[in-house]
Amino acid sequence: MHVAPALPASVLADGAPATPANRRAKLVFRFLKSVAVAARTRLRPPAIASSWRSAIEEEAAFGHGLVLVPVLLAAGVLTWLTLPYDLGLVKLALLPCVFGIAALSCNGAVRAIRPLMIAAGLFSAGMVLVAVETARLDTVVLDGPVTTNLRGKVFSREKNDREHWRYSILIEQTTKPTLRRAPLKVMVLSRSPHTPLAIGATIEGRARLSPPSGPALPGLNDFAFDAYFRQIGAVGYFYGAPHSPAVDSAATGDRSLWAQMAEGLAAMRATVGERIRGVIGGDTGALAAALVTAEERAIGRDTVEMLRQAGLAHVLAISGLNMVLAAGTFLIGARTILSAVPGLAQRVAIKKIAAAGALAMVFLYILISGGAVSAVRAWIMISIMLVAVFFDRMSISLRNIALAAIVIIVITPSAVAGPGFQMSFAATLALVAGYARWRERAQADELAAAGRWWGRRLVMGFVIGVLATSLIGGLATSVYSAAYFQRLPAYGLLANVLAAPLISIVIMPFGLFAMLLMPFGLEQYPLAVMAWGLDGMLVIARFVTSLDGEFLTGRVGPLAFLLIAFGGIILCVLRTWLAALGGVVLLVGLICLVVEDRQLPAVVVSEDGRLVGLVTDAAIATNRDRPSDFLFSQWQRALAVESHVAPMPALGAVAEGLYPEAKRQSGKATPRVFDPAAATAIRKDINATLSKASPNVFSCREKQWCVAHSDAGWTVALIENPNLFEVLCDQADLLIVPGSFNERTCSSGQARILSGRLLRLAGAVEIFAASTLVGQPSNMRFKTSFTSLQRPWERHRAYDWRRGDFDDDPPLF
């Protein structure tokens, strides 16, 4: 029961003195009384139910039911992909049917639950779509590293920043050895100078192949997952330069029409990129080519990193910005040229002719752009907008986004799990929702602004538009940047505001002019202007990067990520007071993000065991002077620790004298005899090294061993010479033995052993220190990248090539 607030009788009395204080008190009392009465009226159950029903009906009138369809489909896709095991496709296929029949049967008193049945049906339909795609691809992933003679067809090629060629090959044959489970497609790098082989040519050479790498740490991006859905079963490099053997022309003509069309498009894309880089050259030319063909490997690593730190890396991804600028430039240019023809505008609809030309242009753009998810999304939305021009309709709406998302989810549902899909749609959804709210307010203020000078309004509109677009897009994608890349540019808004005029007025329009003039051999003139704009963008990126404003966020917890993402979707999609529920969910997600446990692991181990790190709040100490940047940079961002501590060199203690009789005599090896005296000398050297070493710093003997004391009280040892196993296994608490290694145990049984085989099954490992009694070493708590190997993109790890079969129950932690 709500009770109105009370005031002293001396204030409420009619004869009370009319002092300013009493008048203010009476006004406050009347206001609070009215609020209490309104709350008592509106918070009654019938009033709440009525408000809820009216809000849902209003949302349905806006057509937001369609907007929620891709959200539910995507939720089903993500749920299926995160399960630790496969669900039967037949069982899954029955679920949409069951929920669909239930939705049709919900009449009368149970009609209110029909939306729930429809939502469950769409959710299960998403699971069915991705299960069908996975079964259809059935990619064979190589189970382990192997060297073999490779022969196949080149279906794509790309040059990197070091002038090396990376070939995507459709395998036809492997020899010496012949692979039992040969992948369908591989990506192989050639570092040797050679004349690049044409797309469609037969390629042959001896290559070292390996399976695609897994996550650098548990919870990070699994590159094997991405490769599986691209049907890439292995990656590697050629020994020496590959060559193209003579082939039978009749066999070449047996390829399908689809394969020939795909090769033709890939060849056209490669030709366009090479011509652009040939005219401009350097990183500027590589950037120009990337904006047209999405070939980014030729851009220098330092340049790419600079753009990422400045918040301008999104320019490289062909997305809505590129498509809109290209289509808008063509549309406005064609309409301007047609309107200059005397009397033509009165006889024909030149706007629709220009829209038809723009539609054809963006279709050609998507063909040579590589077909990334963000590019396909932008192409679908812009195509809908241009088709709407034929019917004199506006088509910038949430339904446009929903249609694009539904098409992508139906065709390639696995794309939902990638950051490209999520960031592209999150930014577009936020921008369209923000534009809709701004348009409503602008229409209300249109009469008041009619008298202003149009030039001032144009300039102010452009500046405000750039600021709003950069701010909304940056906020909408920030949680995804933190979750997938663990970094946020502090001055991204500044960089985008400064670079927007160059991108909008110089870079993209003149890039379009260059493509239109390329068939006539005149592309060098607009490309020169485009290069000037790109050089200006790099100057801006260099300036913003010098401010040193990048944040390393560390990993984002799954609960916080889901709440923030879902809350943002609800906030953007809904128009009534129900949108406030999205704000509440988003706020709860932010609270979870702040309070979630951020405990750092004590030790991290790569999936091959060759890189080990001791982690503190200040630095990561590794066993390598220069660890792999690809791997170590992911560790730094995920753990939010930037500094690196290199190992200290150690002398003595080698395995040379441990097995003095293990020598070949008359072509035969004598039995291995362990020398206890040599082992004692080695242990003495290692103990002396440990006594002098600083905590959390590795001491290493090259190609022999590395040892260190961690803050958790553990002695951590890495063995690079397997002969040292018997010496070090009783000296260490944690023993890492990378590479091929016969499983053995220590005599004392105290050391936890991470062998190459175990790491192959479990992936990269984090080891946390669990609290124990004071003065005692902490217990080890292991967190692995894989808890089961039942999913198709993980299954290759459990393959035993000796038996030619998969292990049904591989030994995990």
# chains A, B, ... in the order shown; residues from 1 in each chain; ligands from 1

$ select_by_dssp --residues "range 283-520 of chain A" --states "alpha helix (DSSP H)" --output "short mmCIF file (atom, residue, chain, number, x, y, z; two decimals) with C-alpha atoms, in the first residue's frame"
data_model
loop_
_atom_site.label_atom_id
_atom_site.label_comp_id
_atom_site.auth_asym_id
_atom_site.auth_seq_id
_atom_site.Cartn_x
_atom_site.Cartn_y
_atom_site.Cartn_z
CA ASP A 283 52.29 -0.11 -48.35
CA THR A 284 50.16 2.61 -49.93
CA GLY A 285 49.63 0.44 -53.00
CA ALA A 286 48.89 -2.60 -50.84
CA LEU A 287 46.30 -0.56 -48.92
CA ALA A 288 44.69 0.61 -52.17
CA ALA A 289 44.48 -2.96 -53.43
CA ALA A 290 43.02 -4.13 -50.12
CA LEU A 291 40.21 -1.57 -50.35
CA VAL A 292 39.22 -3.04 -53.73
CA THR A 293 40.06 -6.76 -53.55
CA ARG A 301 52.75 -5.79 -40.47
CA ASP A 302 53.82 -2.52 -38.86
CA THR A 303 51.32 -0.61 -40.98
CA VAL A 304 48.47 -2.96 -40.09
CA GLU A 305 49.35 -2.73 -36.41
CA MET A 306 49.47 1.06 -36.61
CA LEU A 307 45.98 1.17 -38.17
CA ARG A 308 44.66 -1.15 -35.46
CA GLN A 309 46.08 0.98 -32.66
CA ALA A 310 44.63 4.10 -34.27
CA GLY A 320 29.18 -0.83 -45.51
CA LEU A 321 31.52 2.16 -45.58
CA ASN A 322 33.25 1.02 -48.75
CA MET A 323 30.07 -0.16 -50.46
CA VAL A 324 28.03 2.93 -49.59
CA LEU A 325 30.75 5.32 -50.74
CA ALA A 326 31.28 3.39 -53.98
CA ALA A 327 27.55 3.07 -54.71
CA GLY A 328 26.82 6.66 -53.66
CA THR A 329 29.64 8.06 -55.78
CA PHE A 330 28.44 6.13 -58.82
CA LEU A 331 24.78 7.05 -58.21
CA ILE A 332 25.43 10.77 -57.78
CA GLY A 333 27.97 10.89 -60.61
CA ALA A 334 25.76 9.05 -63.09
CA ARG A 335 22.73 11.13 -62.17
CA THR A 336 24.72 14.35 -62.54
CA ILE A 337 26.03 13.33 -65.97
CA LEU A 338 22.57 12.25 -67.19
CA SER A 339 20.96 15.45 -65.93
CA LEU A 344 16.65 13.84 -70.75
CA ALA A 345 15.49 14.36 -67.17
CA GLN A 346 12.00 15.31 -68.43
CA ARG A 347 11.67 12.20 -70.59
CA ILE A 350 17.42 9.32 -64.62
CA LYS A 351 17.51 8.50 -60.90
CA LYS A 352 16.35 4.95 -61.64
CA ILE A 353 18.84 4.59 -64.50
CA ALA A 354 21.63 5.69 -62.18
CA ALA A 355 20.38 3.24 -59.52
CA ALA A 356 20.49 0.40 -62.07
CA GLY A 357 24.08 1.29 -62.91
CA ALA A 358 25.00 1.45 -59.22
CA LEU A 359 23.36 -1.94 -58.69
CA ALA A 360 25.50 -3.48 -61.43
CA MET A 361 28.61 -1.76 -60.06
CA VAL A 362 28.20 -3.09 -56.49
CA PHE A 363 27.57 -6.57 -57.93
CA LEU A 364 30.93 -6.44 -59.70
CA TYR A 365 32.48 -5.07 -56.51
CA ILE A 366 31.29 -8.03 -54.42
CA LEU A 367 32.58 -10.45 -57.06
CA ILE A 368 36.17 -9.18 -56.83
CA VAL A 373 30.77 -11.59 -44.43
CA SER A 374 30.85 -7.82 -43.90
CA ALA A 375 31.03 -7.26 -47.67
CA VAL A 376 28.13 -9.63 -48.37
CA ARG A 377 26.03 -7.96 -45.67
CA ALA A 378 26.72 -4.53 -47.14
CA TRP A 379 26.03 -5.74 -50.67
CA ILE A 380 22.64 -7.23 -49.73
CA MET A 381 21.54 -4.10 -47.87
CA ILE A 382 22.68 -1.70 -50.59
CA SER A 383 21.07 -3.87 -53.29
CA ILE A 384 17.77 -3.69 -51.40
CA MET A 385 18.13 0.08 -51.10
CA LEU A 386 18.87 0.50 -54.82
CA VAL A 387 16.00 -1.77 -55.83
CA ALA A 388 13.73 0.34 -53.61
CA VAL A 389 14.68 3.36 -55.73
CA PHE A 390 12.84 1.72 -58.67
CA LEU A 398 15.86 -2.43 -39.41
CA ARG A 399 13.97 -4.80 -41.73
CA ASN A 400 16.70 -4.27 -44.31
CA ILE A 401 19.28 -5.43 -41.77
CA ALA A 402 17.11 -8.39 -40.80
CA LEU A 403 16.77 -9.56 -44.40
CA ALA A 404 20.53 -9.36 -44.95
CA ALA A 405 21.19 -11.31 -41.73
CA ILE A 406 18.64 -14.00 -42.61
CA VAL A 407 20.18 -14.54 -46.05
CA ILE A 408 23.69 -14.92 -44.59
CA ILE A 409 22.56 -17.21 -41.76
CA VAL A 410 20.66 -19.49 -44.15
CA ILE A 411 23.57 -19.73 -46.63
CA PRO A 419 33.76 -11.32 -35.30
CA GLY A 420 33.18 -10.06 -38.85
CA PHE A 421 29.48 -10.95 -38.77
CA GLN A 422 28.89 -9.77 -35.22
CA MET A 423 30.75 -6.46 -35.47
CA SER A 424 29.34 -5.64 -38.89
CA PHE A 425 25.74 -6.16 -37.86
CA ALA A 426 26.19 -4.58 -34.43
CA ALA A 427 27.56 -1.37 -35.96
CA THR A 428 24.90 -1.29 -38.69
CA LEU A 429 22.07 -1.98 -36.25
CA ALA A 430 23.21 0.80 -33.93
CA LEU A 431 23.68 3.27 -36.80
CA VAL A 432 20.27 2.56 -38.36
CA ALA A 433 18.52 2.75 -34.98
CA GLY A 434 20.34 6.00 -34.17
CA TYR A 435 19.52 7.41 -37.61
CA ALA A 436 15.83 6.56 -37.14
CA ARG A 437 15.67 8.41 -33.84
CA TRP A 438 17.60 11.35 -35.25
CA ARG A 439 15.28 11.50 -38.29
CA GLU A 440 12.20 11.71 -36.05
CA ARG A 441 13.73 14.62 -34.16
CA ALA A 442 14.96 16.30 -37.36
CA GLN A 443 11.48 16.25 -38.85
CA ALA A 444 10.13 17.95 -35.75
CA TRP A 454 21.92 25.99 -46.30
CA GLY A 455 25.70 25.97 -46.54
CA ARG A 456 26.08 26.20 -42.79
CA ARG A 457 23.52 23.44 -42.34
CA LEU A 458 25.40 21.25 -44.81
CA VAL A 459 28.75 21.70 -43.08
CA MET A 460 27.28 21.23 -39.62
CA GLY A 461 25.35 18.19 -40.80
CA PHE A 462 28.52 16.61 -42.21
CA VAL A 463 30.54 17.27 -39.05
CA ILE A 464 27.78 16.05 -36.74
CA GLY A 465 27.19 13.04 -38.97
CA VAL A 466 30.86 12.03 -38.87
CA LEU A 467 31.03 12.48 -35.10
CA ALA A 468 27.80 10.59 -34.49
CA THR A 469 28.68 7.77 -36.88
CA SER A 470 32.13 7.27 -35.38
CA LEU A 471 30.84 7.47 -31.81
CA ILE A 472 27.85 5.14 -32.31
CA GLY A 473 29.82 2.65 -34.39
CA GLY A 474 32.69 2.64 -31.90
CA LEU A 475 30.42 2.12 -28.89
CA ALA A 476 28.41 -0.60 -30.64
CA THR A 477 31.49 -2.65 -31.54
CA SER A 478 33.60 -1.99 -28.43
CA VAL A 479 32.45 -5.09 -26.54
CA TYR A 480 33.19 -7.24 -29.60
CA SER A 481 36.64 -5.68 -29.99
CA ALA A 482 37.37 -6.40 -26.34
CA ALA A 483 36.02 -9.95 -26.53
CA TYR A 484 37.76 -11.02 -29.76
CA PHE A 485 40.87 -8.83 -29.90
CA GLY A 492 39.71 5.90 -32.31
CA LEU A 493 37.05 8.62 -32.44
CA LEU A 494 39.69 11.29 -33.15
CA ALA A 495 41.30 9.18 -35.89
CA ASN A 496 37.98 8.46 -37.60
CA VAL A 497 36.86 12.08 -37.50
CA LEU A 498 40.15 13.25 -39.04
CA ALA A 499 40.24 10.49 -41.66
CA ALA A 500 36.56 10.56 -42.66
CA PRO A 501 36.85 13.46 -45.16
CA MET A 508 36.87 5.75 -52.21
CA PRO A 509 35.57 8.01 -55.03
CA PHE A 510 38.89 8.01 -56.86
CA GLY A 511 39.26 4.29 -56.23
CA LEU A 512 35.94 3.86 -58.04
CA PHE A 513 37.10 6.10 -60.90
CA ALA A 514 40.26 3.98 -61.21
CA MET A 515 38.18 0.78 -61.53
CA LEU A 516 35.97 2.35 -64.19
CA LEU A 517 39.01 3.52 -66.18
#

$ atom_distance --atom1 "CA of Leu142 in chain A" --atom2 "CA of Pro212 in chain A"
8.2 Å

$ residues_around --residues "Pro649 in chain A" --least-positions-apart "6" --cutoff "10 Å" --atoms "only C-alpha atoms" --output "list in words"
Asp625, Thr689, Phe698, Ser699, Cys700, Arg701, Glu702 and Cys706 of chain A

$ residues_around --residues "range 575-579 of chain A" --least-positions-apart "3" --cutoff "10 Å" --atoms "only C-alpha atoms" --output "number ranges by chain"
A: 51-52, 54-56, 58-59, 62, 64, 433, 437, 567-572, 582-584

$ write_last_selection --atoms "N, CA, C and O atoms" --output "PDB file, in the first residue's frame"
ATOM      1  N   SER A  51      -0.343  -2.376 -19.980  1.00  0.00           N
ATOM      2  CA  SER A  51       0.793  -1.654 -20.556  1.00  0.00           C
ATOM      3  C   SER A  51       1.703  -2.603 -21.325  1.00  0.00           C
ATOM      4  O   SER A  51       2.215  -2.261 -22.400  1.00  0.00           O
ATOM      5  N   TRP A  52       1.897  -3.804 -20.797  1.00  0.00           N
ATOM      6  CA  TRP A  52       2.734  -4.801 -21.461  1.00  0.00           C
ATOM      7  C   TRP A  52       2.142  -5.205 -22.808  1.00  0.00           C
ATOM      8  O   TRP A  52       2.836  -5.264 -23.814  1.00  0.00           O
ATOM      9  N   SER A  54      -0.056  -3.554 -24.681  1.00  0.00           N
ATOM     10  CA  SER A  54      -0.062  -2.441 -25.642  1.00  0.00           C
ATOM     11  C   SER A  54       1.330  -2.210 -26.214  1.00  0.00           C
ATOM     12  O   SER A  54       1.480  -1.893 -27.407  1.00  0.00           O
ATOM     13  N   ALA A  55       2.370  -2.377 -25.378  1.00  0.00           N
ATOM     14  CA  ALA A  55       3.734  -2.201 -25.881  1.00  0.00           C
ATOM     15  C   ALA A  55       4.079  -3.279 -26.900  1.00  0.00           C
ATOM     16  O   ALA A  55       4.688  -2.998 -27.945  1.00  0.00           O
ATOM     17  N   ILE A  56       3.694  -4.541 -26.626  1.00  0.00           N
ATOM     18  CA  ILE A  56       3.966  -5.626 -27.574  1.00  0.00           C
ATOM     19  C   ILE A  56       3.219  -5.407 -28.879  1.00  0.00           C
ATOM     20  O   ILE A  56       3.757  -5.619 -29.973  1.00  0.00           O
ATOM     21  N   GLU A  58       2.328  -2.552 -30.126  1.00  0.00           N
ATOM     22  CA  GLU A  58       2.976  -1.445 -30.840  1.00  0.00           C
ATOM     23  C   GLU A  58       4.259  -1.900 -31.518  1.00  0.00           C
ATOM     24  O   GLU A  58       4.544  -1.503 -32.652  1.00  0.00           O
ATOM     25  N   GLU A  59       5.042  -2.748 -30.834  1.00  0.00           N
ATOM     26  CA  GLU A  59       6.258  -3.277 -31.447  1.00  0.00           C
ATOM     27  C   GLU A  59       5.915  -4.132 -32.674  1.00  0.00           C
ATOM     28  O   GLU A  59       6.605  -4.075 -33.705  1.00  0.00           O
ATOM     29  N   PHE A  62       5.233  -2.018 -35.614  1.00  0.00           N
ATOM     30  CA  PHE A  62       6.464  -1.521 -36.226  1.00  0.00           C
ATOM     31  C   PHE A  62       7.149  -2.584 -37.093  1.00  0.00           C
ATOM     32  O   PHE A  62       8.095  -2.271 -37.828  1.00  0.00           O
ATOM     33  N   HIS A  64       8.723  -5.334 -35.836  1.00  0.00           N
ATOM     34  CA  HIS A  64       9.950  -5.776 -35.187  1.00  0.00           C
ATOM     35  C   HIS A  64       9.993  -7.282 -34.971  1.00  0.00           C
ATOM     36  O   HIS A  64      11.022  -7.811 -34.536  1.00  0.00           O
ATOM     37  N   ALA A 433      19.398   2.365 -36.080  1.00  0.00           N
ATOM     38  CA  ALA A 433      18.515   2.754 -34.976  1.00  0.00           C
ATOM     39  C   ALA A 433      18.760   4.208 -34.570  1.00  0.00           C
ATOM     40  O   ALA A 433      17.814   4.966 -34.328  1.00  0.00           O
ATOM     41  N   ARG A 437      16.043   7.485 -34.909  1.00  0.00           N
ATOM     42  CA  ARG A 437      15.666   8.415 -33.835  1.00  0.00           C
ATOM     43  C   ARG A 437      16.050   9.849 -34.191  1.00  0.00           C
ATOM     44  O   ARG A 437      15.324  10.800 -33.881  1.00  0.00           O
ATOM     45  N   GLY A 567      21.637  -6.990 -24.561  1.00  0.00           N
ATOM     46  CA  GLY A 567      21.043  -5.721 -24.133  1.00  0.00           C
ATOM     47  C   GLY A 567      21.141  -4.655 -25.208  1.00  0.00           C
ATOM     48  O   GLY A 567      20.199  -3.892 -25.427  1.00  0.00           O
ATOM     49  N   GLY A 568      22.282  -4.601 -25.909  1.00  0.00           N
ATOM     50  CA  GLY A 568      22.420  -3.638 -26.999  1.00  0.00           C
ATOM     51  C   GLY A 568      21.455  -3.907 -28.132  1.00  0.00           C
ATOM     52  O   GLY A 568      20.893  -2.967 -28.729  1.00  0.00           O
ATOM     53  N   ILE A 569      21.222  -5.185 -28.456  1.00  0.00           N
ATOM     54  CA  ILE A 569      20.270  -5.521 -29.524  1.00  0.00           C
ATOM     55  C   ILE A 569      18.863  -5.060 -29.152  1.00  0.00           C
ATOM     56  O   ILE A 569      18.167  -4.425 -29.958  1.00  0.00           O
ATOM     57  N   ILE A 570      18.416  -5.373 -27.938  1.00  0.00           N
ATOM     58  CA  ILE A 570      17.077  -4.975 -27.499  1.00  0.00           C
ATOM     59  C   ILE A 570      16.945  -3.458 -27.485  1.00  0.00           C
ATOM     60  O   ILE A 570      15.928  -2.892 -27.898  1.00  0.00           O
ATOM     61  N   LEU A 571      17.983  -2.777 -27.023  1.00  0.00           N
ATOM     62  CA  LEU A 571      17.957  -1.317 -26.951  1.00  0.00           C
ATOM     63  C   LEU A 571      17.819  -0.694 -28.339  1.00  0.00           C
ATOM     64  O   LEU A 571      17.162   0.335 -28.505  1.00  0.00           O
ATOM     65  N   CYS A 572      18.420  -1.305 -29.344  1.00  0.00           N
ATOM     66  CA  CYS A 572      18.369  -0.758 -30.701  1.00  0.00           C
ATOM     67  C   CYS A 572      17.101  -1.160 -31.448  1.00  0.00           C
ATOM     68  O   CYS A 572      16.577  -0.385 -32.259  1.00  0.00           O
ATOM     69  N   GLY A 582      16.347  -3.474 -22.443  1.00  0.00           N
ATOM     70  CA  GLY A 582      17.673  -3.677 -23.015  1.00  0.00           C
ATOM     71  C   GLY A 582      18.727  -2.892 -22.264  1.00  0.00           C
ATOM     72  O   GLY A 582      19.842  -3.382 -22.050  1.00  0.00           O
ATOM     73  N   GLY A 583      18.380  -1.665 -21.858  1.00  0.00           N
ATOM     74  CA  GLY A 583      19.321  -0.880 -21.068  1.00  0.00           C
ATOM     75  C   GLY A 583      19.624  -1.523 -19.728  1.00  0.00           C
ATOM     76  O   GLY A 583      20.777  -1.508 -19.260  1.00  0.00           O
ATOM     77  N   VAL A 584      18.605  -2.142 -19.117  1.00  0.00           N
ATOM     78  CA  VAL A 584      18.817  -2.821 -17.836  1.00  0.00           C
ATOM     79  C   VAL A 584      19.742  -4.023 -18.016  1.00  0.00           C
ATOM     80  O   VAL A 584      20.679  -4.233 -17.234  1.00  0.00           O
TER      81      VAL A 584
END

$ closest_residue --among "A:Arg795, A:Arg136, A:Val716, A:Gln524" --to "Gly281 in chain A" --atoms "only C-alpha atoms"
A:Gln524

$ closest_residue --among "A:Ser105, A:Glu766, A:Gly76, A:Ala708" --to "Ala688 in chain A" --atoms "only C-alpha atoms"
A:Ala708

$ select_by_dssp --residues "range 567-789 of chain A" --states "strand (DSSP E or B)" --output "compact mmCIF listing (two decimals) with C-alpha atoms, in the first residue's frame"
# COMPACT_ATOMS: atom_id res chain seq x y z
CA VAL A 603 52.00 -20.64 -16.09
CA VAL A 604 50.85 -20.72 -19.71
CA VAL A 605 51.93 -23.36 -22.24
CA VAL A 612 56.15 -21.54 -21.93
CA GLY A 613 55.38 -18.38 -19.97
CA LEU A 614 55.52 -17.51 -16.27
CA VAL A 615 52.89 -14.83 -15.67
CA ALA A 619 55.38 -9.26 -17.15
CA ILE A 620 55.41 -12.61 -18.91
CA ALA A 621 58.74 -14.46 -18.70
CA THR A 622 59.23 -16.99 -21.51
CA SER A 643 56.17 -6.60 -20.75
CA HIS A 644 58.33 -9.56 -21.73
CA VAL A 645 61.22 -11.04 -19.72
CA MET A 648 68.95 -15.96 -18.82
CA PRO A 649 71.66 -18.09 -20.48
CA ARG A 664 76.16 -47.92 -33.14
CA GLN A 665 78.51 -50.87 -33.51
CA LYS A 668 73.38 -52.09 -34.55
CA ALA A 669 72.67 -49.96 -31.51
CA SER A 699 67.43 -20.01 -17.15
CA CYS A 700 68.09 -21.92 -20.37
CA ARG A 701 70.79 -24.09 -21.88
CA TRP A 705 66.66 -27.47 -21.02
CA CYS A 706 65.06 -24.45 -19.34
CA VAL A 707 64.26 -24.19 -15.61
CA ALA A 708 62.66 -21.56 -13.39
CA HIS A 709 61.02 -20.99 -9.99
CA THR A 715 59.96 -25.60 -10.17
CA VAL A 716 59.08 -25.49 -13.86
CA ALA A 717 61.29 -27.34 -16.35
CA LEU A 718 61.17 -27.55 -20.13
CA ILE A 719 63.10 -30.37 -21.82
CA LEU A 734 55.94 -29.20 -13.67
CA LEU A 735 57.74 -30.82 -16.61
CA ILE A 736 57.01 -29.85 -20.24
CA VAL A 737 58.34 -32.19 -22.93
CA ARG A 752 53.06 -33.15 -13.51
CA ILE A 753 54.17 -33.98 -17.05
CA LEU A 754 52.86 -32.15 -20.13
CA SER A 755 54.01 -34.21 -23.10
CA VAL A 765 47.05 -24.85 -21.25
CA GLU A 766 46.74 -22.33 -18.42
CA ILE A 767 47.85 -23.43 -14.95
CA PHE A 768 46.45 -21.60 -11.95
CA ALA A 769 47.75 -21.64 -8.41
CA ALA A 770 45.20 -22.96 -5.94
CA ASN A 779 48.30 -26.87 -5.98
CA MET A 780 47.93 -26.79 -9.75
CA ARG A 781 44.58 -26.19 -11.42
CA PHE A 782 44.65 -26.83 -15.17
CA LYS A 783 42.47 -25.08 -17.74
CA THR A 784 42.70 -26.56 -21.24

$ decode --residues "range 102-130 of chain A" --atoms "C-alpha atoms" --output "mmCIF file, in the first residue's frame"
data_model
loop_
_atom_site.group_PDB
_atom_site.id
_atom_site.type_symbol
_atom_site.label_atom_id
_atom_site.label_comp_id
_atom_site.auth_asym_id
_atom_site.auth_seq_id
_atom_site.Cartn_x
_atom_site.Cartn_y
_atom_site.Cartn_z
ATOM 1 C CA ALA A 102 2.639 -26.298 -31.518
ATOM 2 C CA ALA A 103 2.583 -22.654 -32.683
ATOM 3 C CA LEU A 104 -0.223 -23.401 -35.173
ATOM 4 C CA SER A 105 -2.165 -25.208 -32.460
ATOM 5 C CA CYS A 106 -1.998 -22.331 -29.963
ATOM 6 C CA ASN A 107 -5.508 -20.921 -30.182
ATOM 7 C CA GLY A 108 -8.010 -19.600 -27.725
ATOM 8 C CA ALA A 109 -6.805 -19.516 -24.133
ATOM 9 C CA VAL A 110 -3.256 -20.602 -25.012
ATOM 10 C CA ARG A 111 -2.805 -18.144 -27.882
ATOM 11 C CA ALA A 112 -0.535 -16.038 -25.671
ATOM 12 C CA ILE A 113 2.231 -18.685 -25.790
ATOM 13 C CA ARG A 114 2.311 -18.788 -29.597
ATOM 14 C CA PRO A 115 5.216 -16.279 -29.782
ATOM 15 C CA LEU A 116 7.212 -18.528 -27.441
ATOM 16 C CA MET A 117 6.619 -21.542 -29.693
ATOM 17 C CA ILE A 118 7.657 -19.521 -32.758
ATOM 18 C CA ALA A 119 10.798 -18.345 -30.960
ATOM 19 C CA ALA A 120 11.682 -21.930 -29.966
ATOM 20 C CA GLY A 121 11.091 -23.059 -33.551
ATOM 21 C CA LEU A 122 13.405 -20.376 -34.956
ATOM 22 C CA PHE A 123 16.038 -21.193 -32.324
ATOM 23 C CA SER A 124 15.996 -24.881 -33.249
ATOM 24 C CA ALA A 125 15.968 -23.972 -36.963
ATOM 25 C CA GLY A 126 19.263 -22.147 -36.432
ATOM 26 C CA MET A 127 20.717 -25.301 -34.899
ATOM 27 C CA VAL A 128 19.518 -27.349 -37.874
ATOM 28 C CA LEU A 129 21.042 -24.916 -40.382
ATOM 29 C CA VAL A 130 24.536 -25.046 -38.893
#
